[in-house]
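Working notes, beginning with the structure itself.
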Amino acid sequence: MLPNSLLELDFSSCQLYDLPQTLPFLNFTLLQKLDLSHNKLINSPLPNWMFNITDLVELRLGSCNFTGLIPTVSKGNLCNLQDLDLSENSVEGEIQELVNTLSRCSSSRLVTLDLSSNNLGGNLPDSLWSLRNLTSLVLTSNKFTGKLSHLLGSLAHLQELELSQNLFSGPLPKSVGNLSLLQTLDISFNMLSGTIPEGIGQLSRLTSLGLYGNFFEGDITELHFQNLARLDDLSITSTNKSLVFRLRDDWIPPFQLAHIAITGCLLGPAFPSWLRTQNRLSEIILSNDGISDAIPEWFWRLIPMIWWLDLS
């Protein structure tokens with residue numbers, strides 16, 4: 001019998017195949033950490049009791065084969081929650097009720113929210129942007145739809161924003177430029193359109209920028225990269241060369257990239273001379289970018305470091 005005074009319960013990677021849906025003889029009133037991640041449950045819905053523990057700080061349920069909807073959270077519960085991980089399950093439905101409840105806490109403490117690799121959908125609720133302590137928001141590989149709200153820029157503590165492989169549409173809000181602590185921005189493989197805000201160039205802590213697989217258009221200039229001194233990974237694409245790189249011939253980037261992928265943009269006709277300043281490249285993909293120039297001699301000195309090269 002587990003004691004009611006238990007503070008932490010960690011059954012991660014324990015080869016569990018089943019979980020009780022109710023706990024009539026237990027009351028985890030003091031439980032602060034519950035970790036059941038990396039188990040192989042057989043068609044198990046998410047038990048209600050997990051989402052109604054008052055003092056819970058960490059709830060880790062990633063890679064458990066959970067199915068069904070996210071349970072209803074009673075008002076006042078999970079208000080101490082800082083870390084919620086439901087990644088790599090088969091959870092479905094919308095997240096509005098969960099997020100609304102968390103946002104109604106007098107002072108929400110949620111720092112990380114990882115719902116990636118599920119079957120969740122619908123529009124993101126406006127209440128999501130009131131979770132002001134979030135440092136990590138990971139919603140990758142779901143079916144979320146709708147436009148990204150300008151309120152996105154109110155998450156001042158955000159360091160990681162991963163929204164790739166969803167069905168988001170419309171423009172990328174200019175307010176993304178307000179996320180001064182952001183280190184990872186990945187909105188790849190959605191249906192976003194319009195111009196890319198120049199404010200991205202003010203995200204001085206950004207190390208990874210993923211804009212691949214959308215429908216952006218307009219010009220890319222030095223302002224988009226102005227203060228990205230820490231940028232390590234850049235991926236960007238457009239359709240029918242609707243994104244045009246307008247960079248000076250003598251431009252020297254502030255960054256040293258390890259990975260670059262630019263596809264379907266108008267980068268040419270001249271071979272991009274700024275690449276000669278990059279001394280850390282291990283992957284270069286410049287495909288269908290309207291480059292008709294000869295490959296310059298200086299480019300070949302980069303070859304010993306490169307493990308993947310695509311100039312098709």
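So you can find residues: chains in the structure tokens are A, B, ... in the order shown, residues in each start at 1, and ligands are numbered from 1 in order.
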
Test item, helix (DSSP H, G or I) assignment across segment 32-237 of chain A, answer as a VMD selection string: chain A and resid 48 to 51 96 to 103 126 to 130 150 to 154 174 to 178 198 to 202 222 to 225

Selection: 9 Å around Leu134 of chain A, only C-alpha atoms, excl. self and same-chain fewer than 4 positions, as a CSV table (one decimal) with N, CA and C atoms, in the first residue's frame:
```csv
chain,number,residue,atom,x,y,z
A,82,GLN,N,4.2,22.9,-12.7
A,82,GLN,CA,5.2,23.6,-13.4
A,82,GLN,C,5.6,22.9,-14.7
A,109,ARG,N,1.8,28.6,-12.4
A,109,ARG,CA,3.2,28.4,-12.3
A,109,ARG,C,3.8,27.5,-13.5
A,110,LEU,N,3.0,27.2,-14.4
A,110,LEU,CA,3.4,26.3,-15.5
A,110,LEU,C,4.5,26.9,-16.3
A,111,VAL,N,5.6,26.1,-16.4
A,111,VAL,CA,6.8,26.5,-17.0
A,111,VAL,C,7.0,25.8,-18.3
A,112,THR,N,6.8,24.5,-18.4
A,112,THR,CA,6.9,23.7,-19.6
A,112,THR,C,5.6,23.0,-19.9
A,113,LEU,N,5.2,23.0,-21.2
A,113,LEU,CA,4.0,22.3,-21.7
A,113,LEU,C,4.4,21.6,-22.9
A,155,LEU,N,4.3,36.1,-24.1
A,155,LEU,CA,5.0,35.0,-23.3
A,155,LEU,C,6.5,35.4,-23.2
A,156,ALA,N,6.8,36.4,-22.3
A,156,ALA,CA,8.1,37.0,-22.3
A,156,ALA,C,9.2,36.1,-21.8
A,157,HIS,N,8.9,35.0,-21.1
A,157,HIS,CA,9.9,34.1,-20.6
A,157,HIS,C,10.2,33.0,-21.6
A,158,LEU,N,9.5,32.9,-22.7
A,158,LEU,CA,9.6,31.8,-23.6
A,158,LEU,C,11.0,31.6,-24.2
A,159,GLN,N,11.5,30.4,-24.1
A,159,GLN,CA,12.8,30.1,-24.6
A,159,GLN,C,12.7,29.1,-25.8
```

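Among the candidate residues A:Leu223, A:Leu228, A:Met191, A:Leu286, the one lying nearest to Gly170 of chain A is A:Met191, with distances computed using only C-alpha atoms.
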
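Residues with any atom within 7 Å of Asp233 of chain A, counting only C-alpha atoms and excluding same-chain neighbours fewer than 5 positions away, are Thr207, Ser208, Leu209, Leu257, Ala258, His259 and Ile260 of chain A.
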
With N, CA, C and O atoms retained, write the just-selected residues as an mmCIF file, in the first residue's frame.
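Output file out.cif is given in full below:
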```cif
data_model
loop_
_atom_site.group_PDB
_atom_site.id
_atom_site.type_symbol
_atom_site.label_atom_id
_atom_site.label_comp_id
_atom_site.auth_asym_id
_atom_site.auth_seq_id
_atom_site.Cartn_x
_atom_site.Cartn_y
_atom_site.Cartn_z
ATOM 1 N N THR A 207 19.098 30.190 -31.426
ATOM 2 C CA THR A 207 20.092 29.262 -31.971
ATOM 3 C C THR A 207 19.528 28.430 -33.117
ATOM 4 O O THR A 207 20.287 27.960 -33.963
ATOM 5 N N SER A 208 18.211 28.242 -33.148
ATOM 6 C CA SER A 208 17.604 27.418 -34.192
ATOM 7 C C SER A 208 16.355 28.106 -34.717
ATOM 8 O O SER A 208 15.456 28.465 -33.949
ATOM 9 N N LEU A 209 16.303 28.291 -36.050
ATOM 10 C CA LEU A 209 15.172 28.955 -36.699
ATOM 11 C C LEU A 209 14.651 28.057 -37.810
ATOM 12 O O LEU A 209 15.312 27.859 -38.834
ATOM 13 N N LEU A 257 26.832 29.300 -38.876
ATOM 14 C CA LEU A 257 25.877 28.193 -38.953
ATOM 15 C C LEU A 257 26.579 26.851 -39.007
ATOM 16 O O LEU A 257 27.673 26.722 -39.549
ATOM 17 N N ALA A 258 25.887 25.846 -38.446
ATOM 18 C CA ALA A 258 26.299 24.456 -38.630
ATOM 19 C C ALA A 258 25.418 23.777 -39.679
ATOM 20 O O ALA A 258 25.877 22.895 -40.400
ATOM 21 N N HIS A 259 24.147 24.205 -39.745
ATOM 22 C CA HIS A 259 23.192 23.605 -40.686
ATOM 23 C C HIS A 259 22.423 24.710 -41.392
ATOM 24 O O HIS A 259 21.908 25.620 -40.745
ATOM 25 N N ILE A 260 22.331 24.606 -42.713
ATOM 26 C CA ILE A 260 21.540 25.566 -43.484
ATOM 27 C C ILE A 260 20.753 24.815 -44.541
ATOM 28 O O ILE A 260 21.288 23.941 -45.245
#
```

Run DSSP on the backbone and give me the residues of segment 268-304 of chain A it puts in strand (DSSP E), as a ChimeraX atom specification. /A:283-287

Quick one: which segment 34-103 of chain A residues come within 6 Å of segment 120-133 of chain A, and what is the nearest atom pair for each with the distance in Å to one decimal, counting only C-alpha atoms, rows ordered by chain and ascending number, as a Markdown table?
```
| residue | atom | partner | partner_atom | distance |
| --- | --- | --- | --- | --- |
| A:Glu92 | CA | A:Leu120 | CA | 4.5 |
| A:Gly93 | CA | A:Leu120 | CA | 5.1 |
| A:Glu94 | CA | A:Gly121 | CA | 5.3 |
| A:Gln96 | CA | A:Pro125 | CA | 5.5 |
| A:Val99 | CA | A:Leu128 | CA | 6.0 |
| A:Asn100 | CA | A:Ser127 | CA | 5.7 |
```

Written file, previous selection with N, CA, C and O atoms, as a tab-separated table (two decimals), in the first residue's frame:
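The resulting file, out_3.tsv, is shown below:
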```tsv
chain	number	residue	atom	x	y	z
A	92	GLU	N	-6.38	12.77	-27.98
A	92	GLU	CA	-7.09	13.50	-29.03
A	92	GLU	C	-7.99	14.57	-28.42
A	92	GLU	O	-8.05	14.75	-27.20
A	93	GLY	N	-8.70	15.29	-29.30
A	93	GLY	CA	-9.59	16.34	-28.84
A	93	GLY	C	-8.90	17.69	-28.80
A	93	GLY	O	-7.84	17.89	-29.38
A	94	GLU	N	-9.51	18.64	-28.12
A	94	GLU	CA	-8.98	19.99	-28.01
A	94	GLU	C	-8.39	20.22	-26.62
A	94	GLU	O	-8.63	19.45	-25.70
A	96	GLN	N	-8.66	23.32	-25.03
A	96	GLN	CA	-9.20	24.56	-24.49
A	96	GLN	C	-9.59	24.41	-23.02
A	96	GLN	O	-9.27	25.28	-22.19
A	99	VAL	N	-6.41	24.21	-20.75
A	99	VAL	CA	-5.68	25.47	-20.68
A	99	VAL	C	-6.49	26.53	-19.95
A	99	VAL	O	-5.95	27.32	-19.16
A	100	ASN	N	-7.80	26.56	-20.19
A	100	ASN	CA	-8.65	27.53	-19.48
A	100	ASN	C	-8.56	27.34	-17.98
A	100	ASN	O	-8.46	28.31	-17.22
```

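Using only C-alpha atoms, the shortest contact distance between Ile236 of chain A and any of A:Phe189, A:Phe144, A:Phe271, A:Phe255 is found at A:Phe189.
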
So how far away is atom CA of Gln15 of chain A from atom CA of Lys40 of chain A, in Å? 6.1 Å

Quick one: residues within 12 Å of Asp293 of chain A, only C-alpha atoms counted, chain neighbours fewer than 4 positions away excluded, as a list of chain:residue names? A:Leu267, A:Gly268, A:Pro269, A:Ala270, A:Phe271, A:Pro272, A:Ser273, A:Asp289, A:Leu311

Shell of 12 Å around Gln278 of chain A, only C-alpha atoms, local chain residues under 6 positions omitted, as a ChimeraX atom specification: /A:231-232,252-260,272,284,298-299,301-303,305-306

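Residues with any atom within 9 Å of Asn89 of chain A, counting only C-alpha atoms and excluding same-chain neighbours fewer than 2 positions away, are Leu61, Gly62, Ser63, Cys64, Asn65, Phe66, Thr67, Leu86, Ser87, Val91, Leu115, Ser116, Ser117, Asn118 and Asn119 of chain A.
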
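You can rank A:Pro197, A:Gln21, A:Leu185, A:Thr277 by their closest distance to Leu234 of chain A using only C-alpha atoms, and at the top of that list sits A:Leu185.
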
Shell around Pro47 of chain A at 10 Å using only C-alpha atoms, local window under 6 positions removed, as an mmCIF file with C-alpha atoms, in the first residue's frame:
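selection.cif was written with the following content:
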```cif
data_model
loop_
_atom_site.group_PDB
_atom_site.id
_atom_site.type_symbol
_atom_site.label_atom_id
_atom_site.label_comp_id
_atom_site.auth_asym_id
_atom_site.auth_seq_id
_atom_site.Cartn_x
_atom_site.Cartn_y
_atom_site.Cartn_z
ATOM 1 C CA LEU A 19 -3.097 1.562 -14.838
ATOM 2 C CA PRO A 20 -6.076 1.849 -12.493
ATOM 3 C CA GLN A 21 -8.673 4.369 -13.627
ATOM 4 C CA THR A 22 -9.660 5.077 -10.038
ATOM 5 C CA LEU A 23 -7.827 5.012 -6.710
ATOM 6 C CA PHE A 66 -2.387 6.921 -23.640
ATOM 7 C CA LEU A 69 -9.419 12.872 -24.276
ATOM 8 C CA ILE A 70 -7.609 14.925 -21.660
ATOM 9 C CA PRO A 71 -9.644 14.610 -18.444
#
```

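Atom CA of Ser12 of chain A is found 15.9 Å from atom CA of Leu31 of chain A.
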
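Between atom CA of Gly177 of chain A and atom CA of Leu152 of chain A the interatomic distance comes to 9.9 Å.
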